[in-house]
$ cat target_37.cif   # mmCIF, C-alpha atoms and all ligand atoms
data_target
loop_
_atom_site.label_atom_id
_atom_site.label_comp_id
_atom_site.auth_asym_id
_atom_site.auth_seq_id
_atom_site.Cartn_x
_atom_site.Cartn_y
_atom_site.Cartn_z
CA MET A 72 72.08 138.28 34.23
CA ASN A 73 71.42 137.65 30.56
CA VAL A 74 67.93 139.04 30.28
CA ASN A 75 65.79 140.92 27.86
CA THR A 76 63.37 141.49 30.69
CA LYS A 77 64.82 144.27 32.85
CA ILE A 78 64.87 143.21 36.47
CA SER A 79 66.01 145.56 39.21
CA PHE A 80 67.88 144.05 42.13
CA THR A 81 68.18 144.96 45.80
CA GLN A 82 70.63 142.79 47.68
CA ASN A 83 69.56 141.25 50.98
CA THR A 84 72.18 142.52 53.41
CA ASN A 85 70.90 140.23 56.17
CA SER A 86 71.39 136.87 54.48
CA THR A 87 70.18 133.94 56.57
CA LEU A 88 71.93 131.33 54.40
CA SER A 89 74.56 130.60 57.05
CA GLU A 90 71.77 129.64 59.50
CA VAL A 91 70.44 126.87 57.25
CA ASN A 92 71.16 123.31 58.31
CA PHE A 93 71.04 121.54 54.96
CA ASN A 94 70.99 118.19 56.75
CA GLU A 95 67.73 119.06 58.47
CA LEU A 96 65.60 120.68 55.85
CA ASP A 97 61.87 120.59 56.14
CA PHE A 98 59.32 121.67 53.57
CA GLY A 99 58.76 125.39 54.14
CA LYS A 100 61.20 125.69 57.05
CA TYR A 101 63.59 128.03 55.24
CA MET A 102 62.95 130.72 52.65
CA SER A 103 65.76 131.95 50.40
CA ASP A 104 67.14 135.50 50.79
CA HIS A 105 65.30 137.06 47.86
CA MET A 106 61.90 137.17 46.20
CA LEU A 107 60.76 138.60 42.90
CA LEU A 108 57.89 141.05 42.65
CA ALA A 109 56.06 142.08 39.48
CA HIS A 110 53.06 144.38 39.49
CA TYR A 111 50.29 144.40 36.91
CA LYS A 112 48.51 147.71 36.52
CA ASN A 113 47.24 150.01 33.78
CA GLY A 114 46.75 146.93 31.61
CA ALA A 115 50.37 145.74 31.64
CA TRP A 116 52.95 143.84 33.65
CA GLN A 117 55.54 146.24 35.05
CA GLU A 118 59.29 145.66 35.33
CA PRO A 119 60.00 143.00 37.96
CA SER A 120 62.27 143.58 40.92
CA ILE A 121 64.23 141.16 43.05
CA VAL A 122 64.22 142.28 46.67
CA PRO A 123 65.00 140.83 50.11
CA PHE A 124 62.43 138.22 51.15
CA GLY A 125 60.06 139.81 53.64
CA PRO A 126 56.57 141.07 54.47
CA ILE A 127 54.32 142.64 51.86
CA PRO A 128 52.32 145.66 52.95
CA MET A 129 48.68 145.46 51.89
CA MET A 130 45.36 147.11 52.54
CA PRO A 131 42.63 144.91 54.06
CA THR A 132 40.49 145.71 51.04
CA ILE A 133 42.60 143.97 48.40
CA LEU A 134 40.28 141.89 46.25
CA ALA A 135 42.14 138.56 46.56
CA LEU A 136 41.39 138.35 50.27
CA HIS A 137 37.66 138.77 49.75
CA TYR A 138 36.86 137.21 46.40
CA GLY A 139 39.62 134.67 45.90
CA GLN A 140 41.48 135.66 42.74
CA SER A 141 44.71 133.99 43.82
CA VAL A 142 46.64 131.35 41.90
CA PHE A 143 49.99 129.63 42.17
CA GLU A 144 52.49 127.17 40.74
CA GLY A 145 54.86 124.72 42.40
CA MET A 146 58.06 123.68 40.69
CA LYS A 147 61.62 122.74 41.50
CA ALA A 148 65.25 123.53 40.66
CA PHE A 149 67.90 120.85 41.14
CA LYS A 150 71.65 120.70 41.54
CA MET A 151 72.72 118.49 38.67
CA ALA A 152 75.45 115.87 38.75
CA ASP A 153 77.78 118.28 36.91
CA GLY A 154 77.22 121.02 39.50
CA LYS A 155 74.95 123.14 37.31
CA ILE A 156 71.45 124.11 38.38
CA SER A 157 68.43 123.11 36.36
CA ILE A 158 64.77 124.06 36.54
CA PHE A 159 62.47 121.17 35.70
CA ARG A 160 59.83 121.53 32.95
CA ILE A 161 59.43 125.30 33.24
CA LYS A 162 57.42 125.57 29.99
CA LYS A 163 54.89 122.98 31.13
CA HIS A 164 54.38 124.84 34.39
CA PHE A 165 54.04 128.11 32.50
CA ASP A 166 51.40 126.66 30.16
CA ARG A 167 49.37 125.50 33.13
CA LEU A 168 49.70 128.85 34.86
CA GLN A 169 48.38 130.55 31.71
CA ARG A 170 45.32 128.29 31.70
CA THR A 171 44.79 128.92 35.40
CA LEU A 172 45.07 132.70 34.93
CA ALA A 173 42.56 132.62 32.07
CA ARG A 174 40.09 130.58 34.13
CA MET A 175 40.30 133.13 36.96
CA CYS A 176 39.94 136.21 34.68
CA MET A 177 43.52 137.20 35.45
CA PRO A 178 45.94 138.71 32.90
CA PRO A 179 48.29 136.39 31.01
CA LEU A 180 52.05 136.45 31.43
CA THR A 181 54.58 136.15 28.65
CA PHE A 182 56.82 133.10 28.77
CA GLU A 183 59.79 135.43 28.59
CA LEU A 184 58.74 137.34 31.73
CA PHE A 185 58.06 134.08 33.59
CA GLU A 186 61.24 132.30 32.53
CA GLU A 187 63.59 135.28 32.93
CA SER A 188 62.11 136.06 36.35
CA ILE A 189 62.59 132.54 37.65
CA LYS A 190 66.03 132.15 36.14
CA ALA A 191 67.21 135.46 37.59
CA LEU A 192 65.82 134.65 41.04
CA VAL A 193 67.35 131.15 41.11
CA GLU A 194 70.67 132.57 39.95
CA VAL A 195 70.70 135.22 42.68
CA ASP A 196 69.99 132.58 45.34
CA LYS A 197 71.91 129.70 43.80
CA GLY A 198 73.69 129.15 47.12
CA TRP A 199 70.31 127.99 48.44
CA VAL A 200 69.98 125.03 46.06
CA PRO A 201 70.70 121.94 48.17
CA GLU A 202 73.31 119.44 46.99
CA LYS A 203 71.90 116.23 48.43
CA ASP A 204 70.33 113.70 46.09
CA GLY A 205 66.59 114.23 45.79
CA SER A 206 66.60 117.56 47.61
CA SER A 207 65.81 120.69 45.63
CA LEU A 208 64.98 124.37 45.61
CA TYR A 209 61.20 124.65 45.65
CA ILE A 210 59.91 127.55 43.52
CA ARG A 211 56.55 129.07 44.32
CA PRO A 212 55.12 131.66 41.90
CA LEU A 213 52.00 133.29 43.38
CA ILE A 214 49.73 135.80 41.66
CA TYR A 215 46.86 137.56 43.38
CA ALA A 216 44.43 140.43 42.92
CA ASN A 217 45.69 143.43 44.85
CA GLU A 218 43.40 146.19 43.71
CA GLU A 219 41.98 147.98 46.74
CA LYS A 220 38.26 147.97 46.22
CA PHE A 221 35.46 147.17 48.60
CA GLY A 222 33.12 145.65 46.03
CA VAL A 223 32.76 142.48 43.99
CA LYS A 224 34.64 142.85 40.74
CA ILE A 225 37.41 141.43 38.60
CA SER A 226 40.58 143.07 39.80
CA GLU A 227 42.45 145.41 37.52
CA GLU A 228 45.69 145.13 39.51
CA TYR A 229 47.73 142.07 40.42
CA LEU A 230 50.95 141.19 42.18
CA MET A 231 53.16 138.27 41.20
CA ILE A 232 55.52 137.12 43.92
CA ILE A 233 58.03 134.38 43.21
CA MET A 234 59.65 132.90 46.28
CA THR A 235 61.94 129.91 46.78
CA GLY A 236 63.22 127.70 49.56
CA PRO A 237 65.36 124.58 49.94
CA VAL A 238 63.40 121.37 50.52
CA PRO A 239 64.53 117.85 51.39
CA PRO A 240 63.69 114.76 49.38
CA PHE A 241 60.16 113.82 50.27
CA TYR A 242 59.69 110.11 50.86
CA PRO A 243 56.30 109.85 52.51
CA LYS A 244 55.50 106.73 54.40
CA PRO A 245 53.00 104.74 52.34
CA LEU A 246 49.65 106.49 52.45
CA ARG A 247 46.31 105.23 53.68
CA VAL A 248 43.64 106.83 51.51
CA LYS A 249 39.88 106.91 51.77
CA ILE A 250 37.65 106.87 48.70
CA GLU A 251 35.55 110.00 49.18
CA ASP A 252 31.83 109.44 48.63
CA ARG A 253 30.42 112.54 50.29
CA TYR A 254 32.56 115.64 49.54
CA GLY A 255 33.96 116.83 46.22
CA ARG A 256 37.17 118.69 45.41
CA ALA A 257 36.02 119.85 41.99
CA ALA A 258 32.71 120.08 40.16
CA ILE A 259 31.91 119.82 36.47
CA GLY A 260 32.09 123.37 35.17
CA GLY A 261 34.10 124.48 38.18
CA THR A 262 37.72 125.45 38.77
CA GLY A 263 39.17 122.00 39.56
CA ALA A 264 41.59 122.09 36.62
CA ALA A 265 42.98 125.46 37.71
CA LYS A 266 45.68 125.79 40.35
CA CYS A 267 43.80 128.38 42.39
CA ALA A 268 43.95 128.91 46.13
CA GLY A 269 40.24 128.26 46.71
CA ASN A 270 40.47 124.66 45.56
CA TYR A 271 42.69 123.96 48.53
CA GLY A 272 40.59 125.73 51.13
CA GLY A 273 37.56 123.82 49.89
CA ALA A 274 39.34 120.47 50.15
CA PHE A 275 40.56 120.71 53.73
CA PHE A 276 37.32 119.63 55.41
CA ALA A 277 37.08 116.18 53.79
CA THR A 278 40.79 115.62 54.39
CA GLN A 279 40.38 116.51 58.06
CA LEU A 280 37.51 114.04 58.41
CA ALA A 281 39.56 111.31 56.70
CA ARG A 282 42.44 111.97 59.12
CA GLU A 283 40.10 111.64 62.09
CA ASN A 284 39.23 108.21 60.71
CA GLY A 285 42.81 107.01 60.48
CA PHE A 286 43.56 107.90 56.86
CA ASP A 287 46.22 110.26 55.49
CA GLN A 288 44.38 111.54 52.45
CA VAL A 289 41.22 111.20 50.45
CA LEU A 290 40.86 109.68 46.99
CA TRP A 291 38.64 112.22 45.32
CA THR A 292 35.89 110.84 43.09
CA ASP A 293 33.30 112.29 40.73
CA LEU A 294 30.63 111.39 43.36
CA SER A 295 28.68 109.52 40.68
CA GLU A 296 27.17 106.12 41.47
CA ASP A 297 30.35 104.49 40.11
CA LEU A 298 32.63 106.70 42.22
CA ASN A 299 35.12 107.24 39.42
CA ILE A 300 38.50 108.16 40.91
CA GLU A 301 39.93 111.61 40.19
CA GLU A 302 42.95 112.46 42.34
CA SER A 303 44.68 111.58 45.60
CA GLY A 304 44.82 114.56 47.97
CA THR A 305 46.77 117.20 46.04
CA MET A 306 48.35 114.66 43.71
CA ASN A 307 47.28 112.86 40.57
CA VAL A 308 46.87 109.11 41.00
CA PHE A 309 47.97 105.92 39.25
CA PHE A 310 46.99 102.27 39.69
CA LEU A 311 49.06 99.28 38.52
CA ILE A 312 46.60 96.53 37.65
CA ASP A 313 47.76 93.33 36.00
CA GLY A 314 50.92 95.06 34.73
CA LYS A 315 49.08 98.03 33.23
CA LEU A 316 49.34 101.54 34.58
CA ILE A 317 45.97 103.28 34.74
CA THR A 318 45.31 106.95 35.50
CA PRO A 319 42.05 108.91 35.23
CA PRO A 320 41.79 110.95 32.00
CA LEU A 321 42.23 114.73 32.19
CA SER A 322 38.98 116.61 32.55
CA GLU A 323 37.82 119.86 34.03
CA THR A 324 37.69 118.22 37.46
CA ILE A 325 41.30 117.03 37.38
CA LEU A 326 44.40 119.18 37.76
CA GLU A 327 46.84 118.45 34.96
CA GLY A 328 49.99 117.52 36.87
CA VAL A 329 53.41 117.99 35.35
CA THR A 330 54.52 114.90 37.28
CA ARG A 331 51.54 112.96 35.90
CA ASP A 332 52.66 113.82 32.38
CA SER A 333 56.31 112.97 33.12
CA ILE A 334 55.31 109.63 34.62
CA ILE A 335 53.17 108.66 31.66
CA ILE A 336 56.07 109.41 29.33
CA MET A 337 58.66 107.59 31.47
CA ALA A 338 56.43 104.56 32.03
CA ARG A 339 55.93 104.20 28.27
CA GLU A 340 59.73 104.48 27.88
CA MET A 341 59.99 101.54 30.30
CA GLY A 342 57.67 99.55 28.06
CA ILE A 343 54.70 99.71 30.41
CA THR A 344 51.23 100.08 28.90
CA VAL A 345 49.61 103.26 30.22
CA GLU A 346 45.86 103.77 29.99
CA GLU A 347 44.29 107.19 30.58
CA ARG A 348 40.72 106.18 31.32
CA LYS A 349 38.05 106.19 33.93
CA ILE A 350 38.62 103.86 36.85
CA SER A 351 35.87 103.29 39.40
CA ALA A 352 35.96 102.32 43.05
CA LYS A 353 34.28 99.05 42.05
CA GLU A 354 37.02 98.19 39.56
CA ILE A 355 39.70 98.82 42.18
CA LEU A 356 38.00 96.58 44.74
CA ALA A 357 37.38 93.87 42.12
CA ALA A 358 41.03 94.01 41.00
CA HIS A 359 42.12 93.63 44.61
CA GLU A 360 39.72 90.69 45.03
CA ALA A 361 41.21 89.06 41.92
CA GLY A 362 44.74 89.62 43.23
CA ILE A 363 45.78 91.87 40.34
CA LEU A 364 45.87 95.26 42.10
CA GLN A 365 49.65 95.53 42.40
CA GLU A 366 50.29 99.19 43.20
CA ALA A 367 48.61 102.53 43.69
CA PHE A 368 50.43 105.82 44.04
CA GLY A 369 50.03 109.57 44.01
CA ALA A 370 52.14 111.73 41.68
CA GLY A 371 53.13 115.36 42.27
CA THR A 372 56.09 117.73 42.32
CA ALA A 373 56.60 117.48 46.09
CA ALA A 374 56.97 113.70 46.37
CA VAL A 375 57.33 112.60 42.72
CA THR A 376 55.55 109.34 43.62
CA ALA A 377 53.85 108.56 46.92
CA PRO A 378 52.94 104.89 47.35
CA ILE A 379 49.51 104.00 48.72
CA CYS A 380 49.33 101.05 51.13
CA ALA A 381 45.63 100.97 51.97
CA ILE A 382 42.39 102.10 50.36
CA GLY A 383 39.17 102.50 52.33
CA LEU A 384 35.63 102.65 51.04
CA LYS A 385 32.84 103.02 53.58
CA GLU A 386 33.44 100.31 56.22
CA LYS A 387 35.84 98.26 54.10
CA THR A 388 39.61 98.80 53.84
CA ILE A 389 41.88 96.87 51.50
CA GLU A 390 45.62 96.54 52.05
CA LEU A 391 48.00 96.60 49.08
CA PRO A 392 51.13 94.46 48.71
CA PRO A 393 54.31 96.02 50.20
CA TYR A 394 56.59 98.19 48.04
CA ASP A 395 60.30 97.70 47.41
CA SER A 396 62.91 99.07 45.03
CA ASN A 397 61.50 96.88 42.24
CA SER A 398 58.05 98.44 42.50
CA VAL A 399 57.07 100.38 39.40
CA CYS A 400 56.42 103.53 41.44
CA MET A 401 59.93 103.37 42.92
CA LYS A 402 61.52 102.77 39.54
CA LEU A 403 59.63 105.71 38.08
CA GLN A 404 60.77 107.85 40.98
CA GLN A 405 64.41 106.87 40.34
CA LEU A 406 64.11 107.51 36.60
CA LEU A 407 62.60 110.94 37.09
CA THR A 408 65.25 111.82 39.69
CA ALA A 409 67.94 110.80 37.19
CA MET A 410 66.33 112.93 34.47
CA ARG A 411 66.30 115.93 36.78
CA LYS A 412 69.90 115.41 37.89
CA GLY A 413 71.02 115.15 34.31
CA THR A 414 72.47 111.66 34.74
CA LEU A 415 70.14 110.50 31.94
CA PRO A 416 70.14 112.29 28.60
CA ASP A 417 67.57 115.08 28.51
CA LYS A 418 65.89 113.77 25.40
CA PHE A 419 62.61 115.59 26.04
CA GLY A 420 64.21 118.98 26.79
CA TRP A 421 62.86 119.05 30.34
CA ASN A 422 65.82 120.77 32.01
CA THR A 423 66.42 124.52 31.83
CA VAL A 424 70.02 125.00 32.93
CA VAL A 425 70.49 128.23 34.85
CA ALA A 426 73.96 128.54 36.32
C1 LIG B 1 49.59 120.84 41.85
C2 LIG B 1 48.59 119.75 41.89
C3 LIG B 1 48.85 118.44 41.41
C4 LIG B 1 50.21 117.98 40.97
O1 LIG B 1 50.77 118.70 39.94
P1 LIG B 1 52.33 118.63 39.68
O2 LIG B 1 52.53 119.56 38.55
O3 LIG B 1 52.66 117.23 39.32
O4 LIG B 1 53.01 119.05 40.94
C5 LIG B 1 47.81 117.53 41.42
N1 LIG B 1 46.59 117.84 41.89
C6 LIG B 1 46.30 119.07 42.37
C7 LIG B 1 44.95 119.34 42.89
C8 LIG B 1 47.29 120.06 42.38
O5 LIG B 1 46.99 121.28 42.87
#
$ encode --input "target_37.cif" --output "structure tokens" --more "lines below"
Ligand SMILES: *Cc1c(COP(=O)(O)O)cnc(C)c1O
Amino acid sequence: MNVNTKISFTQNTNSTLSEVNFNELDFGKYMSDHMLLAHYKNGAWQEPSIVPFGPIPMMPTILALHYGQSVFEGMKAFKMADGKISIFRIKKHFDRLQRTLARMCMPPLTFELFEESIKALVEVDKGWVPEKDGSSLYIRPLIYANEEKFGVKISEEYLMIIMTGPVPPFYPKPLRVKIEDRYGRAAIGGTGAAKCAGNYGGAFFATQLARENGFDQVLWTDLSEDLNIEESGTMNVFFLIDGKLITPPLSETILEGVTRDSIIIMAREMGITVEERKISAKEILAAHEAGILQEAFGAGTAAVTAPICAIGLKEKTIELPPYDSNSVCMKLQQLLTAMRKGTLPDKFGWNTVVA
């Protein structure tokens, strides 16, 4: 381990790697043998340790459970075409985590601690990185308040846990989404741009209602009269209208996706005009009416792109044209996969090669 950050290591003597069927992965089905723990106390991050993956003892009074100081990241490591392992856009994920931590009054990390921790963990469990095209090692850094205190306060102690697990390529069947005109995911002035646990808990109810009505996800809006679109479920969202790719502009109610950023860059590389601007429910319906709504898709680390086949608003549902390998969202997916596998030159410095 080539690290300036000192990381202690306890080997897992009960490896479950041999029990993994890499042909039948499922998101979250398997966790790798090790996890990394780093405590924050007395005003500083302590030396991390890599230990066997397993339960964490905790008192029922830890602040995260009661008052919600809990944040996370989601990123991936890939087996590259040359057999090496690469972590995708680690700096971009780190920058977002820093913003999230600041928003939640949690202590910042150094990039060195973050990067060395993830690299060391991935290296220890490199046998867990799947080989198959499109599959990956999912990396989940989690940080939560673990001061034991039965009163409302900003925690003075935190635990960072980084855990990983092999996941298959995720090709969702095209999604049916409902434009949400009642419930919000994020409010102006709120925490919508932070990747904090509470944003998810608060979003489940509307999603559950949409599912009961035959949809897979909701298209979140700003709930204004125009119903400006914000995101699709837990993904950012893009619309291809008359050859132009449109995505809502970043704001404090939109989570800044790393995939969103990668897609904007790759689409421009492909010569596609990308507009970051407001797009309302009305504009989407009018574009469909005019026959120029060509594609709509979600964008996130899990799926890369997730095509949308139907969009509902109140009693009306519009159906989009079918997707094939020539669809822009499929081409973007292939391009990004190639970038991550290293079969395209890494001209943006997105890959951190580990081992
Ligand atoms: C994580 C997340 C995304 C997608 O971000 P990626 O970095 O592309 O995975 C989009 N929206 C929300 C609400 C998220 O939590």
$ residues_near_ligand --input "target_37.cif" --ligand "ligand LIG 1 (chain B)" --cutoff "8 Å" --atoms "only C-alpha atoms and all ligand atoms" --output "PyMOL selection string"
chain A and resi 144-146+164+263-267+270-271+302-307+325-332+370-373+375
$ closest_residue --input "target_37.cif" --among "A:Leu290, A:Ile158, A:Leu213, A:Leu364" --to "Thr423 in chain A" --atoms "all atoms listed in the file"
A:Ile158
$ closest_residue --input "target_37.cif" --among "A:Ser333, A:Ser86, A:Gln288, A:Thr344" --to "Ile382 in chain A" --atoms "all atoms listed in the file"
A:Gln288
$ atom_distance --input "target_37.cif" --atom1 "CA of Leu391 in chain A" --atom2 "CA of Thr324 in chain A"
26.6 Å
$ residues_around --input "target_37.cif" --residues "range 87-103 of chain A" --least-positions-apart "6" --cutoff "10 Å" --atoms "only C-alpha atoms" --output "PyMOL selection string"
chain A and resi 123-125+192-193+195-203+206+208-209+234-241+373
$ atom_distance --input "target_37.cif" --atom1 "CA of Arg247 in chain A" --atom2 "CA of Glu283 in chain A"
12.3 Å
$ residues_around --input "target_37.cif" --residues "Ala357 in chain A" --least-positions-apart "6" --cutoff "12 Å" --atoms "only C-alpha atoms" --output "count of residues only"
6
$ atom_distance --input "target_37.cif" --atom1 "CA of Pro378 in chain A" --atom2 "CA of Glu323 in chain A"
25.1 Å
$ residues_around --input "target_37.cif" --residues "Glu251 in chain A" --least-positions-apart "3" --cutoff "12 Å" --atoms "all atoms listed in the file" --output "mmCIF file with C-alpha atoms, in the coordinates of the input"
data_model
loop_
_atom_site.group_PDB
_atom_site.id
_atom_site.type_symbol
_atom_site.label_atom_id
_atom_site.label_comp_id
_atom_site.auth_asym_id
_atom_site.auth_seq_id
_atom_site.Cartn_x
_atom_site.Cartn_y
_atom_site.Cartn_z
ATOM 1 C CA VAL A 248 43.640 106.830 51.510
ATOM 2 C CA TYR A 254 32.560 115.640 49.540
ATOM 3 C CA GLY A 255 33.960 116.830 46.220
ATOM 4 C CA ARG A 256 37.170 118.690 45.410
ATOM 5 C CA ALA A 274 39.340 120.470 50.150
ATOM 6 C CA PHE A 276 37.320 119.630 55.410
ATOM 7 C CA ALA A 277 37.080 116.180 53.790
ATOM 8 C CA THR A 278 40.790 115.620 54.390
ATOM 9 C CA LEU A 280 37.510 114.040 58.410
ATOM 10 C CA ALA A 281 39.560 111.310 56.700
ATOM 11 C CA PHE A 286 43.560 107.900 56.860
ATOM 12 C CA GLN A 288 44.380 111.540 52.450
ATOM 13 C CA VAL A 289 41.220 111.200 50.450
ATOM 14 C CA LEU A 290 40.860 109.680 46.990
ATOM 15 C CA TRP A 291 38.640 112.220 45.320
ATOM 16 C CA THR A 292 35.890 110.840 43.090
ATOM 17 C CA ASP A 293 33.300 112.290 40.730
ATOM 18 C CA LEU A 294 30.630 111.390 43.360
ATOM 19 C CA SER A 295 28.680 109.520 40.680
ATOM 20 C CA ASP A 297 30.350 104.490 40.110
ATOM 21 C CA LEU A 298 32.630 106.700 42.220
ATOM 22 C CA ASN A 299 35.120 107.240 39.420
ATOM 23 C CA ILE A 300 38.500 108.160 40.910
ATOM 24 C CA GLU A 301 39.930 111.610 40.190
ATOM 25 C CA GLU A 302 42.950 112.460 42.340
ATOM 26 C CA SER A 303 44.680 111.580 45.600
ATOM 27 C CA GLY A 304 44.820 114.560 47.970
ATOM 28 C CA SER A 351 35.870 103.290 39.400
ATOM 29 C CA ALA A 352 35.960 102.320 43.050
ATOM 30 C CA ILE A 382 42.390 102.100 50.360
ATOM 31 C CA GLY A 383 39.170 102.500 52.330
ATOM 32 C CA LEU A 384 35.630 102.650 51.040
ATOM 33 C CA LYS A 385 32.840 103.020 53.580
#
$ closest_residue --input "target_37.cif" --among "A:Leu406, A:Ala191, A:Ile78, A:Leu230" --to "Glu218 in chain A" --atoms "only C-alpha atoms"
A:Leu230
$ closest_residue --input "target_37.cif" --among "A:Asp204, A:Ile232, A:Thr262, A:Phe275" --to "Gln405 in chain A" --atoms "only C-alpha atoms"
A:Asp204
$ residues_around --input "target_37.cif" --residues "Leu407 in chain A" --least-positions-apart "5" --cutoff "10 Å" --atoms "all atoms listed in the file" --output "list of chain:residue names"
A:Thr330, A:Ser333, A:Ile334, A:Met337, A:Val375, A:Thr376, A:Met401, A:Lys402, A:Lys412, A:Gly413, A:Leu415
$ residues_near_point --input "target_37.cif" --point "(46.1, 143.0, 33.3)" --cutoff "8 Å" --atoms "only C-alpha atoms" --output "PDB file with C-alpha atoms, keeping the file's coordinate frame"
ATOM      1  CA  TYR A 111      50.290 144.400  36.910  1.00  0.00           C
ATOM      2  CA  LYS A 112      48.510 147.710  36.520  1.00  0.00           C
ATOM      3  CA  ASN A 113      47.240 150.010  33.780  1.00  0.00           C
ATOM      4  CA  GLY A 114      46.750 146.930  31.610  1.00  0.00           C
ATOM      5  CA  ALA A 115      50.370 145.740  31.640  1.00  0.00           C
ATOM      6  CA  TRP A 116      52.950 143.840  33.650  1.00  0.00           C
ATOM      7  CA  MET A 177      43.520 137.200  35.450  1.00  0.00           C
ATOM      8  CA  PRO A 178      45.940 138.710  32.900  1.00  0.00           C
ATOM      9  CA  PRO A 179      48.290 136.390  31.010  1.00  0.00           C
ATOM     10  CA  GLU A 227      42.450 145.410  37.520  1.00  0.00           C
ATOM     11  CA  GLU A 228      45.690 145.130  39.510  1.00  0.00           C
ATOM     12  CA  TYR A 229      47.730 142.070  40.420  1.00  0.00           C
TER      13      TYR A 229
END
$ decode --input "target_37.cif" --residues "range 359-408 of chain A" --atoms "C-alpha atoms" --output "tab-separated table (two decimals), in the first residue's frame"
chain	number	residue	atom	x	y	z
A	359	HIS	CA	-44.57	15.54	-27.75
A	360	GLU	CA	-47.63	17.04	-29.48
A	361	ALA	CA	-45.35	18.54	-32.15
A	362	GLY	CA	-43.60	15.20	-32.63
A	363	ILE	CA	-40.18	16.50	-31.56
A	364	LEU	CA	-39.85	14.84	-28.14
A	365	GLN	CA	-37.41	12.12	-29.18
A	366	GLU	CA	-35.99	10.78	-25.91
A	367	ALA	CA	-36.06	11.24	-22.17
A	368	PHE	CA	-33.73	9.51	-19.75
A	369	GLY	CA	-32.46	9.48	-16.20
A	370	ALA	CA	-28.72	9.67	-15.47
A	371	GLY	CA	-26.95	8.28	-12.41
A	372	THR	CA	-24.05	6.10	-11.30
A	373	ALA	CA	-26.18	2.96	-10.91
A	374	ALA	CA	-27.63	2.82	-14.43
A	375	VAL	CA	-25.56	5.42	-16.32
A	376	THR	CA	-28.63	6.18	-18.46
A	377	ALA	CA	-32.14	4.88	-17.88
A	378	PRO	CA	-34.51	5.46	-20.79
A	379	ILE	CA	-38.01	6.75	-20.09
A	380	CYS	CA	-40.83	5.30	-22.21
A	381	ALA	CA	-43.86	7.10	-20.78
A	382	ILE	CA	-44.55	10.34	-18.93
A	383	GLY	CA	-47.77	10.93	-17.01
A	384	LEU	CA	-49.27	14.20	-15.88
A	385	LYS	CA	-52.56	14.09	-14.01
A	386	GLU	CA	-54.91	11.94	-16.14
A	387	LYS	CA	-52.82	12.13	-19.30
A	388	THR	CA	-49.92	9.81	-20.22
A	389	ILE	CA	-47.73	10.25	-23.27
A	390	GLU	CA	-45.71	7.41	-24.80
A	391	LEU	CA	-42.24	8.09	-26.21
A	392	PRO	CA	-40.80	6.49	-29.36
A	393	PRO	CA	-38.98	3.17	-28.76
A	394	TYR	CA	-35.23	3.11	-28.05
A	395	ASP	CA	-32.56	1.20	-29.96
A	396	SER	CA	-28.77	1.16	-30.14
A	397	ASN	CA	-28.86	4.36	-32.22
A	398	SER	CA	-30.68	6.30	-29.51
A	399	VAL	CA	-28.62	9.11	-28.05
A	400	CYS	CA	-29.05	7.73	-24.52
A	401	MET	CA	-27.70	4.34	-25.60
A	402	LYS	CA	-24.77	5.89	-27.43
A	403	LEU	CA	-23.91	7.98	-24.39
A	404	GLN	CA	-24.10	4.88	-22.24
A	405	GLN	CA	-21.68	3.05	-24.57
A	406	LEU	CA	-19.28	6.01	-24.66
A	407	LEU	CA	-19.21	6.34	-20.90
A	408	THR	CA	-18.70	2.58	-20.50
